[in-house]
file query-v4.csv (CSV, C-alpha atoms and all ligand atoms)
chain,number,residue,atom,x,y,z
S,1,MET,CA,96.9,127.7,104.7
S,2,THR,CA,98.9,128.0,107.9
S,3,ASP,CA,100.6,125.2,109.8
S,4,ASN,CA,99.4,126.7,113.1
S,5,GLY,CA,95.9,125.7,112.2
S,6,LEU,CA,94.0,122.5,113.2
S,7,VAL,CA,92.8,119.6,111.2
S,8,ALA,CA,89.5,117.7,111.9
S,9,GLY,CA,89.4,113.9,111.9
S,10,ILE,CA,86.0,112.2,111.2
S,11,ASP,CA,85.8,108.5,111.8
S,12,ILE,CA,82.5,107.1,110.5
S,13,GLY,CA,81.4,103.6,111.5
S,14,GLY,CA,78.1,101.8,111.5
S,15,THR,CA,77.2,102.7,115.0
S,16,LYS,CA,79.3,105.7,116.0
S,17,ILE,CA,81.1,108.7,114.6
S,18,ALA,CA,84.3,109.9,116.4
S,19,LEU,CA,85.4,113.4,115.9
S,20,GLY,CA,88.6,115.2,116.8
S,21,LEU,CA,90.8,118.2,116.2
S,22,CYS,CA,94.5,118.0,116.2
S,23,THR,CA,97.5,120.3,115.7
S,24,ALA,CA,100.1,119.9,113.0
S,25,GLY,CA,102.2,117.9,115.5
S,26,GLY,CA,99.3,115.4,116.0
S,27,GLU,CA,98.3,116.6,119.5
S,28,ILE,CA,94.5,116.1,119.9
S,29,VAL,CA,93.0,119.3,121.4
S,30,SER,CA,89.4,118.3,121.3
S,31,ARG,CA,87.2,115.3,120.6
S,32,ARG,CA,83.6,114.2,120.5
S,33,ARG,CA,81.5,111.1,119.8
S,34,LEU,CA,78.1,110.8,118.2
S,35,PRO,CA,75.8,107.9,117.3
S,36,THR,CA,75.7,107.3,113.5
S,37,ARG,CA,71.9,107.1,113.5
S,38,THR,CA,71.7,105.6,110.0
S,39,GLU,CA,67.9,106.0,110.1
S,40,ILE,CA,68.2,109.8,109.6
S,41,GLY,CA,70.5,109.6,106.6
S,42,PRO,CA,74.0,111.0,105.9
S,43,GLY,CA,72.9,114.6,105.2
S,44,HIS,CA,71.2,115.0,108.6
S,45,ILE,CA,73.9,113.3,110.7
S,46,LEU,CA,76.6,115.3,108.9
S,47,GLU,CA,74.8,118.5,110.0
S,48,HIS,CA,75.3,117.3,113.6
S,49,VAL,CA,79.0,116.5,112.8
S,50,PHE,CA,79.6,120.0,111.3
S,51,HIS,CA,77.9,121.6,114.3
S,52,GLU,CA,80.2,119.7,116.7
S,53,ILE,CA,83.3,120.5,114.7
S,54,GLU,CA,82.3,124.2,114.7
S,55,ASN,CA,81.8,124.0,118.5
S,56,MET,CA,85.2,122.4,118.9
S,57,LEU,CA,86.8,125.1,116.7
S,58,CYS,CA,85.1,127.8,118.7
S,59,GLU,CA,86.2,126.3,122.1
S,60,THR,CA,89.8,125.9,121.0
S,61,ARG,CA,89.8,129.2,119.0
S,62,GLY,CA,91.3,127.2,116.2
S,63,GLU,CA,91.2,127.7,112.4
S,64,LEU,CA,90.6,124.7,110.2
S,65,ALA,CA,93.3,123.8,107.7
S,66,GLY,CA,92.0,120.4,106.5
S,67,ALA,CA,90.0,117.4,107.3
S,68,GLY,CA,90.6,113.7,107.2
S,69,ILE,CA,87.7,111.1,107.0
S,70,GLY,CA,87.9,107.4,107.6
S,71,CYS,CA,84.6,105.8,106.6
S,72,ALA,CA,83.2,102.3,106.5
S,73,GLY,CA,83.5,101.1,102.8
S,74,PRO,CA,83.3,100.4,100.1
S,75,LEU,CA,84.2,103.8,98.8
S,76,ASP,CA,84.9,105.3,95.4
S,77,LEU,CA,88.0,107.2,96.4
S,78,GLU,CA,88.5,108.9,93.0
S,79,ARG,CA,85.1,110.5,93.3
S,80,GLY,CA,84.9,110.7,97.1
S,81,LEU,CA,81.7,108.7,97.2
S,82,VAL,CA,80.4,106.1,99.7
S,83,MET,CA,79.3,103.0,97.7
S,84,SER,CA,76.6,100.6,99.0
S,85,PRO,CA,78.2,100.2,102.5
S,86,PRO,CA,76.6,97.2,104.3
S,87,ASN,CA,77.1,99.0,107.7
S,88,LEU,CA,75.8,102.4,106.5
S,89,PRO,CA,72.4,101.7,104.9
S,90,GLY,CA,71.1,104.9,103.2
S,91,TRP,CA,74.6,106.2,102.4
S,92,ASP,CA,74.9,104.6,98.9
S,93,GLY,CA,76.3,107.2,96.5
S,94,PHE,CA,76.7,109.9,99.1
S,95,PRO,CA,79.4,112.4,98.0
S,96,LEU,CA,81.0,112.5,101.4
S,97,ALA,CA,84.3,114.2,100.5
S,98,SER,CA,82.7,117.0,98.5
S,99,VAL,CA,80.0,117.7,101.2
S,100,VAL,CA,82.7,118.2,103.9
S,101,GLN,CA,84.9,120.1,101.5
S,102,LYS,CA,82.1,122.5,100.5
S,103,ARG,CA,81.1,123.1,104.1
S,104,PHE,CA,84.5,124.0,105.4
S,105,GLY,CA,86.4,125.1,102.2
S,106,VAL,CA,89.5,123.2,103.2
S,107,PRO,CA,91.2,120.1,101.6
S,108,VAL,CA,89.6,116.8,102.5
S,109,PHE,CA,91.3,113.4,102.6
S,110,LEU,CA,89.1,110.4,102.5
S,111,ASP,CA,89.9,106.7,103.0
S,112,ASN,CA,88.2,103.6,104.2
S,113,ASP,CA,88.0,102.9,107.9
S,114,ALA,CA,90.5,100.0,107.9
S,115,ASN,CA,93.1,102.0,106.0
S,116,ALA,CA,92.6,104.9,108.4
S,117,ALA,CA,92.9,102.6,111.4
S,118,ALA,CA,96.2,101.2,109.9
S,119,LEU,CA,97.5,104.8,109.6
S,120,GLY,CA,96.4,105.5,113.2
S,121,GLU,CA,98.2,102.4,114.6
S,122,HIS,CA,101.2,103.3,112.4
S,123,GLU,CA,101.4,106.9,113.7
S,124,ARG,CA,100.3,106.5,117.3
S,125,GLY,CA,99.8,102.9,118.2
S,126,ALA,CA,101.4,99.5,118.0
S,127,GLY,CA,103.0,100.2,114.6
S,128,ARG,CA,104.9,103.3,115.7
S,129,GLY,CA,108.3,103.5,114.1
S,130,LEU,CA,107.7,100.6,111.8
S,131,GLN,CA,108.3,100.7,108.0
S,132,ASP,CA,106.3,97.6,107.1
S,133,MET,CA,103.2,96.5,108.9
S,134,VAL,CA,99.8,95.0,108.2
S,135,TYR,CA,96.8,96.0,110.3
S,136,MET,CA,93.8,93.7,110.5
S,137,THR,CA,90.5,94.5,112.1
S,138,ILE,CA,88.4,91.6,113.1
S,139,SER,CA,84.9,92.7,114.1
S,140,THR,CA,81.6,92.4,112.2
S,141,GLY,CA,83.7,91.8,109.1
S,142,ILE,CA,87.4,91.7,108.5
S,143,GLY,CA,89.3,94.6,107.0
S,144,GLY,CA,92.9,95.6,106.7
S,145,GLY,CA,95.4,98.2,105.7
S,146,ILE,CA,99.0,97.6,104.5
S,147,ILE,CA,101.9,99.9,105.2
S,148,VAL,CA,105.1,99.3,103.2
S,149,GLY,CA,108.1,101.6,103.4
S,150,GLY,CA,106.1,103.8,105.8
S,151,LYS,CA,103.3,104.4,103.3
S,152,LEU,CA,99.9,103.1,102.9
S,153,VAL,CA,99.6,100.7,99.9
S,154,ARG,CA,96.5,101.6,97.9
S,155,GLY,CA,96.4,99.4,94.9
S,156,VAL,CA,93.9,99.6,92.0
S,157,ALA,CA,90.9,101.7,93.0
S,158,GLY,CA,92.4,102.0,96.5
S,159,ALA,CA,91.3,98.4,97.1
S,160,ALA,CA,94.6,97.0,98.6
S,161,GLY,CA,94.5,95.4,102.0
S,162,GLU,CA,91.2,93.5,101.7
S,163,VAL,CA,92.6,90.8,103.9
S,164,GLY,CA,89.1,89.6,104.9
S,165,HIS,CA,88.7,88.2,101.4
S,166,LEU,CA,91.8,86.0,101.4
S,167,SER,CA,90.6,82.5,100.4
S,168,VAL,CA,91.2,80.2,103.4
S,169,LEU,CA,88.8,77.4,102.7
S,170,PRO,CA,88.2,76.3,99.1
S,171,ASN,CA,84.4,75.9,98.5
S,172,GLY,CA,83.8,77.2,102.0
S,173,PRO,CA,80.8,79.4,103.1
S,174,GLU,CA,79.7,82.0,100.6
S,175,CYS,CA,81.0,85.5,101.5
S,176,GLY,CA,79.1,88.8,101.1
S,177,CYS,CA,81.6,89.6,98.2
S,178,GLY,CA,80.3,86.6,96.3
S,179,ALA,CA,83.3,84.3,96.6
S,180,LEU,CA,83.5,81.1,98.7
S,181,GLY,CA,85.6,80.5,101.8
S,182,CYS,CA,86.9,84.0,102.4
S,183,LEU,CA,88.7,84.6,105.8
S,184,GLU,CA,85.8,86.9,106.8
S,185,THR,CA,83.2,84.0,106.4
S,186,LEU,CA,85.1,82.0,109.0
S,187,CYS,CA,86.8,84.3,111.4
S,188,SER,CA,84.8,87.6,111.7
S,189,GLY,CA,82.8,88.1,114.9
S,190,THR,CA,79.7,87.4,112.8
S,191,ALA,CA,81.2,84.2,111.5
S,192,ILE,CA,82.3,83.0,115.0
S,193,ALA,CA,78.8,83.6,116.3
S,194,ARG,CA,77.2,81.9,113.3
S,195,ARG,CA,79.4,78.8,113.6
S,196,ALA,CA,78.6,78.5,117.3
S,197,ARG,CA,74.8,78.8,116.7
S,198,LYS,CA,75.0,76.1,114.0
S,199,ARG,CA,76.8,73.7,116.3
S,200,ILE,CA,74.4,74.5,119.2
S,201,ALA,CA,71.5,73.6,116.8
S,202,ALA,CA,73.2,70.4,115.8
S,203,ASP,CA,74.5,69.3,119.3
S,204,GLY,CA,71.5,70.4,121.3
S,205,ALA,CA,71.8,73.5,123.4
S,206,SER,CA,71.8,71.6,126.7
S,207,SER,CA,75.3,70.3,126.1
S,208,SER,CA,76.8,73.8,126.2
S,209,LEU,CA,77.8,76.3,128.7
S,210,ILE,CA,76.8,78.9,126.1
S,211,SER,CA,73.1,78.1,126.8
S,212,SER,CA,73.6,79.3,130.4
S,213,MET,CA,75.0,82.6,129.2
S,214,VAL,CA,72.3,83.6,126.7
S,215,LYS,CA,68.5,83.2,126.8
S,216,ASP,CA,68.3,82.1,123.2
S,217,PRO,CA,71.0,80.8,120.7
S,218,SER,CA,70.2,83.8,118.5
S,219,GLU,CA,71.9,86.0,121.2
S,220,VAL,CA,75.2,84.2,120.9
S,221,THR,CA,78.0,86.6,119.9
S,222,ALA,CA,81.8,86.1,119.3
S,223,GLU,CA,82.3,87.5,122.9
S,224,THR,CA,80.0,84.8,124.3
S,225,VAL,CA,82.0,82.1,122.5
S,226,ALA,CA,85.3,83.6,123.7
S,227,HIS,CA,84.1,83.7,127.3
S,228,ALA,CA,82.7,80.2,127.2
S,229,ALA,CA,85.8,78.8,125.6
S,230,GLN,CA,87.9,80.4,128.3
S,231,ARG,CA,85.8,78.6,130.9
S,232,GLY,CA,86.4,75.3,129.2
S,233,ASP,CA,83.2,74.8,127.3
S,234,ARG,CA,83.8,72.1,124.7
S,235,LEU,CA,81.6,73.5,121.9
S,236,ALA,CA,82.9,77.0,122.3
S,237,ARG,CA,86.5,75.8,122.4
S,238,GLU,CA,86.0,73.9,119.1
S,239,VAL,CA,84.6,77.0,117.5
S,240,TRP,CA,87.4,79.2,118.9
S,241,ASP,CA,90.2,76.7,117.9
S,242,GLU,CA,88.7,76.5,114.4
S,243,THR,CA,88.7,80.3,114.2
S,244,ILE,CA,92.4,80.4,115.1
S,245,TYR,CA,93.1,77.6,112.6
S,246,TYR,CA,91.6,79.6,109.7
S,247,LEU,CA,93.0,82.9,110.9
S,248,SER,CA,96.5,81.3,110.9
S,249,ILE,CA,96.1,80.4,107.3
S,250,GLY,CA,95.2,84.0,106.4
S,251,VAL,CA,97.9,85.6,108.5
S,252,ALA,CA,100.6,83.1,107.2
S,253,SER,CA,99.6,84.1,103.6
S,254,ILE,CA,100.0,87.8,104.4
S,255,ILE,CA,103.4,87.2,106.0
S,256,SER,CA,104.6,85.1,103.2
S,257,VAL,CA,103.8,87.8,100.7
S,258,LEU,CA,104.8,90.9,102.6
S,259,ALA,CA,107.2,89.8,105.4
S,260,PRO,CA,106.0,92.8,107.4
S,261,GLU,CA,107.7,93.7,110.7
S,262,ALA,CA,104.3,93.3,112.5
S,263,ILE,CA,100.8,92.1,112.0
S,264,ILE,CA,98.6,94.3,114.2
S,265,ILE,CA,95.2,93.0,115.0
S,266,GLY,CA,92.4,95.3,116.1
S,267,GLY,CA,88.6,95.2,116.1
S,268,GLY,CA,86.2,93.7,118.7
S,269,VAL,CA,87.4,90.1,118.4
S,270,SER,CA,90.9,91.2,119.3
S,271,SER,CA,89.8,92.3,122.7
S,272,SER,CA,90.1,88.6,123.6
S,273,GLY,CA,93.9,89.4,123.5
S,274,GLU,CA,96.2,86.5,124.2
S,275,GLN,CA,93.4,84.0,124.1
S,276,LEU,CA,93.4,84.6,120.4
S,277,LEU,CA,97.1,85.6,119.7
S,278,GLY,CA,98.8,83.1,122.0
S,279,PRO,CA,97.7,80.0,120.1
S,280,LEU,CA,97.8,82.0,116.8
S,281,ARG,CA,101.5,82.7,116.8
S,282,PRO,CA,102.8,79.1,116.8
S,283,GLN,CA,100.3,78.0,114.2
S,284,VAL,CA,101.4,80.8,111.9
S,285,ALA,CA,105.0,79.9,112.5
S,286,GLU,CA,104.2,76.3,111.5
S,287,ARG,CA,102.9,77.5,108.2
S,288,VAL,CA,105.7,80.0,107.4
S,289,ARG,CA,109.0,78.3,106.8
S,290,MET,CA,110.5,80.4,104.0
S,291,LEU,CA,111.4,83.4,106.1
S,292,PRO,CA,112.4,84.3,109.7
S,293,VAL,CA,108.9,84.3,111.1
S,294,GLU,CA,110.3,84.8,114.6
S,295,LYS,CA,111.2,88.4,113.6
S,296,ILE,CA,107.6,89.1,112.8
S,297,ARG,CA,105.5,90.3,115.7
S,298,ILE,CA,101.8,89.4,115.9
S,299,VAL,CA,100.3,91.9,118.3
S,300,ARG,CA,97.1,93.5,119.4
S,301,ALA,CA,96.3,97.0,118.2
S,302,ALA,CA,97.3,99.6,120.9
S,303,LEU,CA,94.7,102.3,120.3
S,304,GLY,CA,91.5,100.2,120.6
S,305,GLU,CA,88.5,102.1,119.3
S,306,ASP,CA,90.7,105.2,118.8
S,307,SER,CA,92.7,103.7,115.9
S,308,GLY,CA,90.2,105.1,113.4
S,309,LEU,CA,90.1,108.6,114.8
S,310,HIS,CA,93.9,108.8,115.0
S,311,GLY,CA,94.0,107.6,111.4
S,312,ALA,CA,91.4,110.2,110.2
S,313,LEU,CA,93.5,112.9,111.9
S,314,ALA,CA,96.7,111.5,110.2
S,315,LEU,CA,94.8,111.7,106.8
S,316,GLY,CA,93.8,115.3,107.6
S,317,ARG,CA,97.4,116.2,108.5
S,318,ARG,CA,98.4,115.4,104.9
S,319,VAL,CA,97.3,119.0,104.2
S,320,TRP,CA,100.7,120.0,105.5
S,321,SER,CA,102.6,117.3,103.6
S,322,GLN,CA,100.8,116.4,100.4
S,323,GLU,CA,98.7,117.6,97.6
S,324,PRO,CA,94.9,117.3,98.3
S,325,GLY,CA,93.1,114.3,96.9
S,326,ALA,CA,96.1,112.0,97.5
X,401,ZN,ZN,84.8,87.7,100.4
call {"tool": "encode", "arguments": {"input": "query-v4.csv", "output": "structure tokens", "more": "lines below"}}
Ligand SMILES: [Zn+2]
result
Amino acid sequence: MTDNGLVAGIDIGGTKIALGLCTAGGEIVSRRRLPTRTEIGPGHILEHVFHEIENMLCETRGELAGAGIGCAGPLDLERGLVMSPPNLPGWDGFPLASVVQKRFGVPVFLDNDANAAALGEHERGAGRGLQDMVYMTISTGIGGGIIVGGKLVRGVAGAAGEVGHLSVLPNGPECGCGALGCLETLCSGTAIARRARKRIAADGASSSLISSMVKDPSEVTAETVAHAAQRGDRLAREVWDETIYYLSIGVASIISVLAPEAIIIGGGVSSSGEQLLGPLRPQVAERVRMLPVEKIRIVRAALGEDSGLHGALALGRRVWSQEPGA
């Protein structure tokens, strides 16, 4: 293998797949985006992915040295399998790493999408130059990745960083993981929308600005709640404030354990920016008294939707620094 080759990054999410090629120095030379089309299954969509990667290699006259894949989990990292992923129906048990490895004959590095995004933010985004950081993505669910001493923390079965399953409300709503009151059940985009819908049903929709923004309460999203809260809607503000309250419990717990230099928040809900982070910071500070919390930055991810692709490329670039399968 030569270090003048290129690596491919494949970032696989529930709705889209981002692809890119980069140099050993991390410069992206080509990129593409495809819909995930879960209805046609992983084998078929990967054929499109391979075709696009081959086109990109052709255009750039590059030779592939390795590939990195960030994929919605859960994954069996030891065997390189996708395991019953809620956002990728039909992908259960799919041997993703070996299929890509066989097709290109290069080392393949697989990790879950949140770990990949954490790597992306660490290398190219809001975590650049930091030794210790925690990345959280708040979208349909809540995921995370932990970097300590400049390296991703993997834990048993690569399962470290599941910040969405921190318990923030004893006996709270049941989570998809089977536990009660996980952060994800209260603060994910799905949870924000669900709590708003529940209140609308209890309060009567006529009392809410939200009802003027959507035809039916079933159409309420976290974004609707954020917009309505910003415009002063009482119901939406209550839901939004409650979200920040529970999020502050989760973030304070992470800070107390790891004392990272930064908590970096990405995912769709983070697009509300300071509307979320502004009130979050003082509430976290209230809860963290044992360490100098003012030194810990709570910031929005810098790469937006590209965190995952940058992370997949960072995984792929391990071909030049690490043994395959790491
Ligand atoms: Zn859970």
call {"tool": "atom_distance", "arguments": {"input": "query-v4.csv", "atom1": "atom CA of S:Lys198", "atom2": "atom CA of S:Tyr246"}}
result
17.5 Å
call {"tool": "closest_atom_pairs", "arguments": {"input": "query-v4.csv", "of": "chain S", "to": "ligand ZN 401 (chain X)", "cutoff": "8 Å", "atoms": "only C-alpha atoms and all ligand atoms", "output": "JSON lines"}}
result
{"residue": "S:Gly164", "atom": "CA", "partner": "X:ZN401", "partner_atom": "ZN", "distance": 6.5}
{"residue": "S:His165", "atom": "CA", "partner": "X:ZN401", "partner_atom": "ZN", "distance": 4.1}
{"residue": "S:Leu166", "atom": "CA", "partner": "X:ZN401", "partner_atom": "ZN", "distance": 7.3}
{"residue": "S:Ser167", "atom": "CA", "partner": "X:ZN401", "partner_atom": "ZN", "distance": 7.8}
{"residue": "S:Glu174", "atom": "CA", "partner": "X:ZN401", "partner_atom": "ZN", "distance": 7.7}
{"residue": "S:Cys175", "atom": "CA", "partner": "X:ZN401", "partner_atom": "ZN", "distance": 4.5}
{"residue": "S:Gly176", "atom": "CA", "partner": "X:ZN401", "partner_atom": "ZN", "distance": 5.8}
{"residue": "S:Cys177", "atom": "CA", "partner": "X:ZN401", "partner_atom": "ZN", "distance": 4.3}
{"residue": "S:Gly178", "atom": "CA", "partner": "X:ZN401", "partner_atom": "ZN", "distance": 6.2}
{"residue": "S:Ala179", "atom": "CA", "partner": "X:ZN401", "partner_atom": "ZN", "distance": 5.3}
{"residue": "S:Leu180", "atom": "CA", "partner": "X:ZN401", "partner_atom": "ZN", "distance": 6.9}
{"residue": "S:Gly181", "atom": "CA", "partner": "X:ZN401", "partner_atom": "ZN", "distance": 7.4}
{"residue": "S:Cys182", "atom": "CA", "partner": "X:ZN401", "partner_atom": "ZN", "distance": 4.7}
{"residue": "S:Leu183", "atom": "CA", "partner": "X:ZN401", "partner_atom": "ZN", "distance": 7.3}
{"residue": "S:Glu184", "atom": "CA", "partner": "X:ZN401", "partner_atom": "ZN", "distance": 6.5}
{"residue": "S:Thr185", "atom": "CA", "partner": "X:ZN401", "partner_atom": "ZN", "distance": 7.2}
call {"tool": "atom_distance", "arguments": {"input": "query-v4.csv", "atom1": "atom CA of S:Arg128", "atom2": "atom CA of S:Arg300"}}
result
13.1 Å
call {"tool": "closest_atom_pairs", "arguments": {"input": "query-v4.csv", "of": "stretch 185-278 of chain S", "to": "stretch 110-126 of chain S", "cutoff": "12 Å", "atoms": "only C-alpha atoms", "output": "tab-separated table"}}
result
residue	atom	partner	partner_atom	distance
S:Glu261	CA	S:Ala126	CA	11.3
S:Ala262	CA	S:Ala126	CA	8.8
S:Ile263	CA	S:Ala126	CA	9.5
S:Ile264	CA	S:Ala126	CA	7.0
S:Ile265	CA	S:Ala126	CA	9.5
S:Gly266	CA	S:Ala117	CA	8.7
S:Gly267	CA	S:Ala114	CA	9.7
call {"tool": "write_last_selection", "arguments": {"input": "query-v4.csv", "atoms": "C-alpha atoms", "output": "CSV table (one decimal), keeping the file's coordinate frame"}}
result
chain,number,residue,atom,x,y,z
S,261,GLU,CA,107.7,93.7,110.7
S,262,ALA,CA,104.3,93.3,112.5
S,263,ILE,CA,100.8,92.1,112.0
S,264,ILE,CA,98.6,94.3,114.2
S,265,ILE,CA,95.2,93.0,115.0
S,266,GLY,CA,92.4,95.3,116.1
S,267,GLY,CA,88.6,95.2,116.1
call {"tool": "closest_residue", "arguments": {"input": "query-v4.csv", "among": "S:Thr224, S:Asn55, S:Ser321, S:Thr60", "to": "S:Gly5", "atoms": "all atoms listed in the file"}}
result
S:Thr60
call {"tool": "closest_residue", "arguments": {"input": "query-v4.csv", "among": "S:Val99, S:Cys22, S:Leu313, S:Leu247", "to": "S:His44", "atoms": "only C-alpha atoms"}}
result
S:Val99
call {"tool": "closest_residue", "arguments": {"input": "query-v4.csv", "among": "S:Gly14, S:Gly304, S:Gly141, S:Gly155", "to": "S:Gly189", "atoms": "all atoms listed in the file"}}
result
S:Gly141
call {"tool": "closest_residue", "arguments": {"input": "query-v4.csv", "among": "S:Ala236, S:Tyr135, S:Val168, S:Ile12", "to": "S:Ala193", "atoms": "only C-alpha atoms"}}
result
S:Ala236
call {"tool": "closest_residue", "arguments": {"input": "query-v4.csv", "among": "S:Ala8, S:Ile45, S:Ile53, S:Ala252", "to": "S:Ile69", "atoms": "all atoms listed in the file"}}
result
S:Ala8
call {"tool": "closest_residue", "arguments": {"input": "query-v4.csv", "among": "S:Asp203, S:Glu286, S:Glu63, S:Asp11", "to": "S:Tyr245", "atoms": "all atoms listed in the file"}}
result
S:Glu286
call {"tool": "residues_around", "arguments": {"input": "query-v4.csv", "residues": "S:Ser272", "least_positions_apart": "5", "cutoff": "10 Å", "atoms": "only C-alpha atoms", "output": "list in words"}}
result
Ala222, Glu223, Ala226, His227, Gln230, Leu277 and Arg300 of chain S
call {"tool": "residues_around", "arguments": {"input": "query-v4.csv", "residues": "S:Arg197", "least_positions_apart": "3", "cutoff": "12 Å", "atoms": "all atoms listed in the file", "output": "list in words"}}
result
Thr190, Ala191, Ile192, Ala193, Arg194, Ile200, Ala201, Ala202, Asp203, Gly204, Ala205, Ser208, Ile210, Ser211, Val214, Asp216, Pro217, Ser218, Glu219, Val220, Thr221, Ala222, Thr224, Val225, Leu235, Ala236 and Val239 of chain S
call {"tool": "write_last_selection", "arguments": {"input": "query-v4.csv", "atoms": "C-alpha atoms", "output": "PDB file, keeping the file's coordinate frame"}}
result
ATOM      1  CA  THR S 190      79.700  87.400 112.800  1.00  0.00           C
ATOM      2  CA  ALA S 191      81.200  84.200 111.500  1.00  0.00           C
ATOM      3  CA  ILE S 192      82.300  83.000 115.000  1.00  0.00           C
ATOM      4  CA  ALA S 193      78.800  83.600 116.300  1.00  0.00           C
ATOM      5  CA  ARG S 194      77.200  81.900 113.300  1.00  0.00           C
ATOM      6  CA  ILE S 200      74.400  74.500 119.200  1.00  0.00           C
ATOM      7  CA  ALA S 201      71.500  73.600 116.800  1.00  0.00           C
ATOM      8  CA  ALA S 202      73.200  70.400 115.800  1.00  0.00           C
ATOM      9  CA  ASP S 203      74.500  69.300 119.300  1.00  0.00           C
ATOM     10  CA  GLY S 204      71.500  70.400 121.300  1.00  0.00           C
ATOM     11  CA  ALA S 205      71.800  73.500 123.400  1.00  0.00           C
ATOM     12  CA  SER S 208      76.800  73.800 126.200  1.00  0.00           C
ATOM     13  CA  ILE S 210      76.800  78.900 126.100  1.00  0.00           C
ATOM     14  CA  SER S 211      73.100  78.100 126.800  1.00  0.00           C
ATOM     15  CA  VAL S 214      72.300  83.600 126.700  1.00  0.00           C
ATOM     16  CA  ASP S 216      68.300  82.100 123.200  1.00  0.00           C
ATOM     17  CA  PRO S 217      71.000  80.800 120.700  1.00  0.00           C
ATOM     18  CA  SER S 218      70.200  83.800 118.500  1.00  0.00           C
ATOM     19  CA  GLU S 219      71.900  86.000 121.200  1.00  0.00           C
ATOM     20  CA  VAL S 220      75.200  84.200 120.900  1.00  0.00           C
ATOM     21  CA  THR S 221      78.000  86.600 119.900  1.00  0.00           C
ATOM     22  CA  ALA S 222      81.800  86.100 119.300  1.00  0.00           C
ATOM     23  CA  THR S 224      80.000  84.800 124.300  1.00  0.00           C
ATOM     24  CA  VAL S 225      82.000  82.100 122.500  1.00  0.00           C
ATOM     25  CA  LEU S 235      81.600  73.500 121.900  1.00  0.00           C
ATOM     26  CA  ALA S 236      82.900  77.000 122.300  1.00  0.00           C
ATOM     27  CA  VAL S 239      84.600  77.000 117.500  1.00  0.00           C
TER      28      VAL S 239
END
call {"tool": "residues_around", "arguments": {"input": "query-v4.csv", "residues": "S:Val148", "least_positions_apart": "5", "cutoff": "7 Å", "atoms": "only C-alpha atoms", "output": "PyMOL selection string"}}
result
chain S and resi 131-133+153
call {"tool": "decode", "arguments": {"input": "query-v4.csv", "residues": "stretch 92-106 of chain S", "atoms": "N, CA and C atoms", "output": "CSV table (one decimal), in the first residue's frame"}}
result
chain,number,residue,atom,x,y,z
S,92,ASP,N,-30.4,-6.2,9.0
S,92,ASP,CA,-30.0,-7.0,10.2
S,92,ASP,C,-29.0,-8.1,9.8
S,93,GLY,N,-27.9,-8.2,10.4
S,93,GLY,CA,-26.9,-9.3,10.2
S,93,GLY,C,-26.1,-9.1,8.9
S,94,PHE,N,-26.2,-7.9,8.3
S,94,PHE,CA,-25.5,-7.7,7.0
S,94,PHE,C,-24.0,-7.6,7.3
S,95,PRO,N,-23.2,-8.4,6.6
S,95,PRO,CA,-21.7,-8.3,6.8
S,95,PRO,C,-21.0,-7.1,6.1
S,96,LEU,N,-21.3,-5.9,6.5
S,96,LEU,CA,-21.0,-4.7,5.8
S,96,LEU,C,-19.4,-4.6,5.6
S,97,ALA,N,-18.6,-4.8,6.7
S,97,ALA,CA,-17.2,-4.7,6.5
S,97,ALA,C,-16.6,-5.6,5.5
S,98,SER,N,-17.0,-6.9,5.5
S,98,SER,CA,-16.4,-7.9,4.6
S,98,SER,C,-16.9,-7.7,3.2
S,99,VAL,N,-18.1,-7.2,3.0
S,99,VAL,CA,-18.6,-7.0,1.6
S,99,VAL,C,-17.8,-5.9,1.0
S,100,VAL,N,-17.5,-4.8,1.7
S,100,VAL,CA,-16.7,-3.7,1.2
S,100,VAL,C,-15.3,-4.2,1.0
S,101,GLN,N,-14.8,-4.9,1.9
S,101,GLN,CA,-13.4,-5.4,1.9
S,101,GLN,C,-13.2,-6.3,0.6
S,102,LYS,N,-14.2,-7.2,0.4
S,102,LYS,CA,-14.0,-8.1,-0.7
S,102,LYS,C,-14.1,-7.4,-2.0
S,103,ARG,N,-15.0,-6.4,-2.1
S,103,ARG,CA,-15.1,-5.7,-3.4
S,103,ARG,C,-13.9,-4.9,-3.8
S,104,PHE,N,-13.2,-4.2,-2.8
S,104,PHE,CA,-12.1,-3.4,-3.1
S,104,PHE,C,-10.7,-4.0,-2.8
S,105,GLY,N,-10.7,-5.1,-2.0
S,105,GLY,CA,-9.4,-5.7,-1.6
S,105,GLY,C,-8.5,-4.8,-0.8
S,106,VAL,N,-9.1,-3.9,0.0
S,106,VAL,CA,-8.3,-3.0,0.8
S,106,VAL,C,-8.8,-3.1,2.3
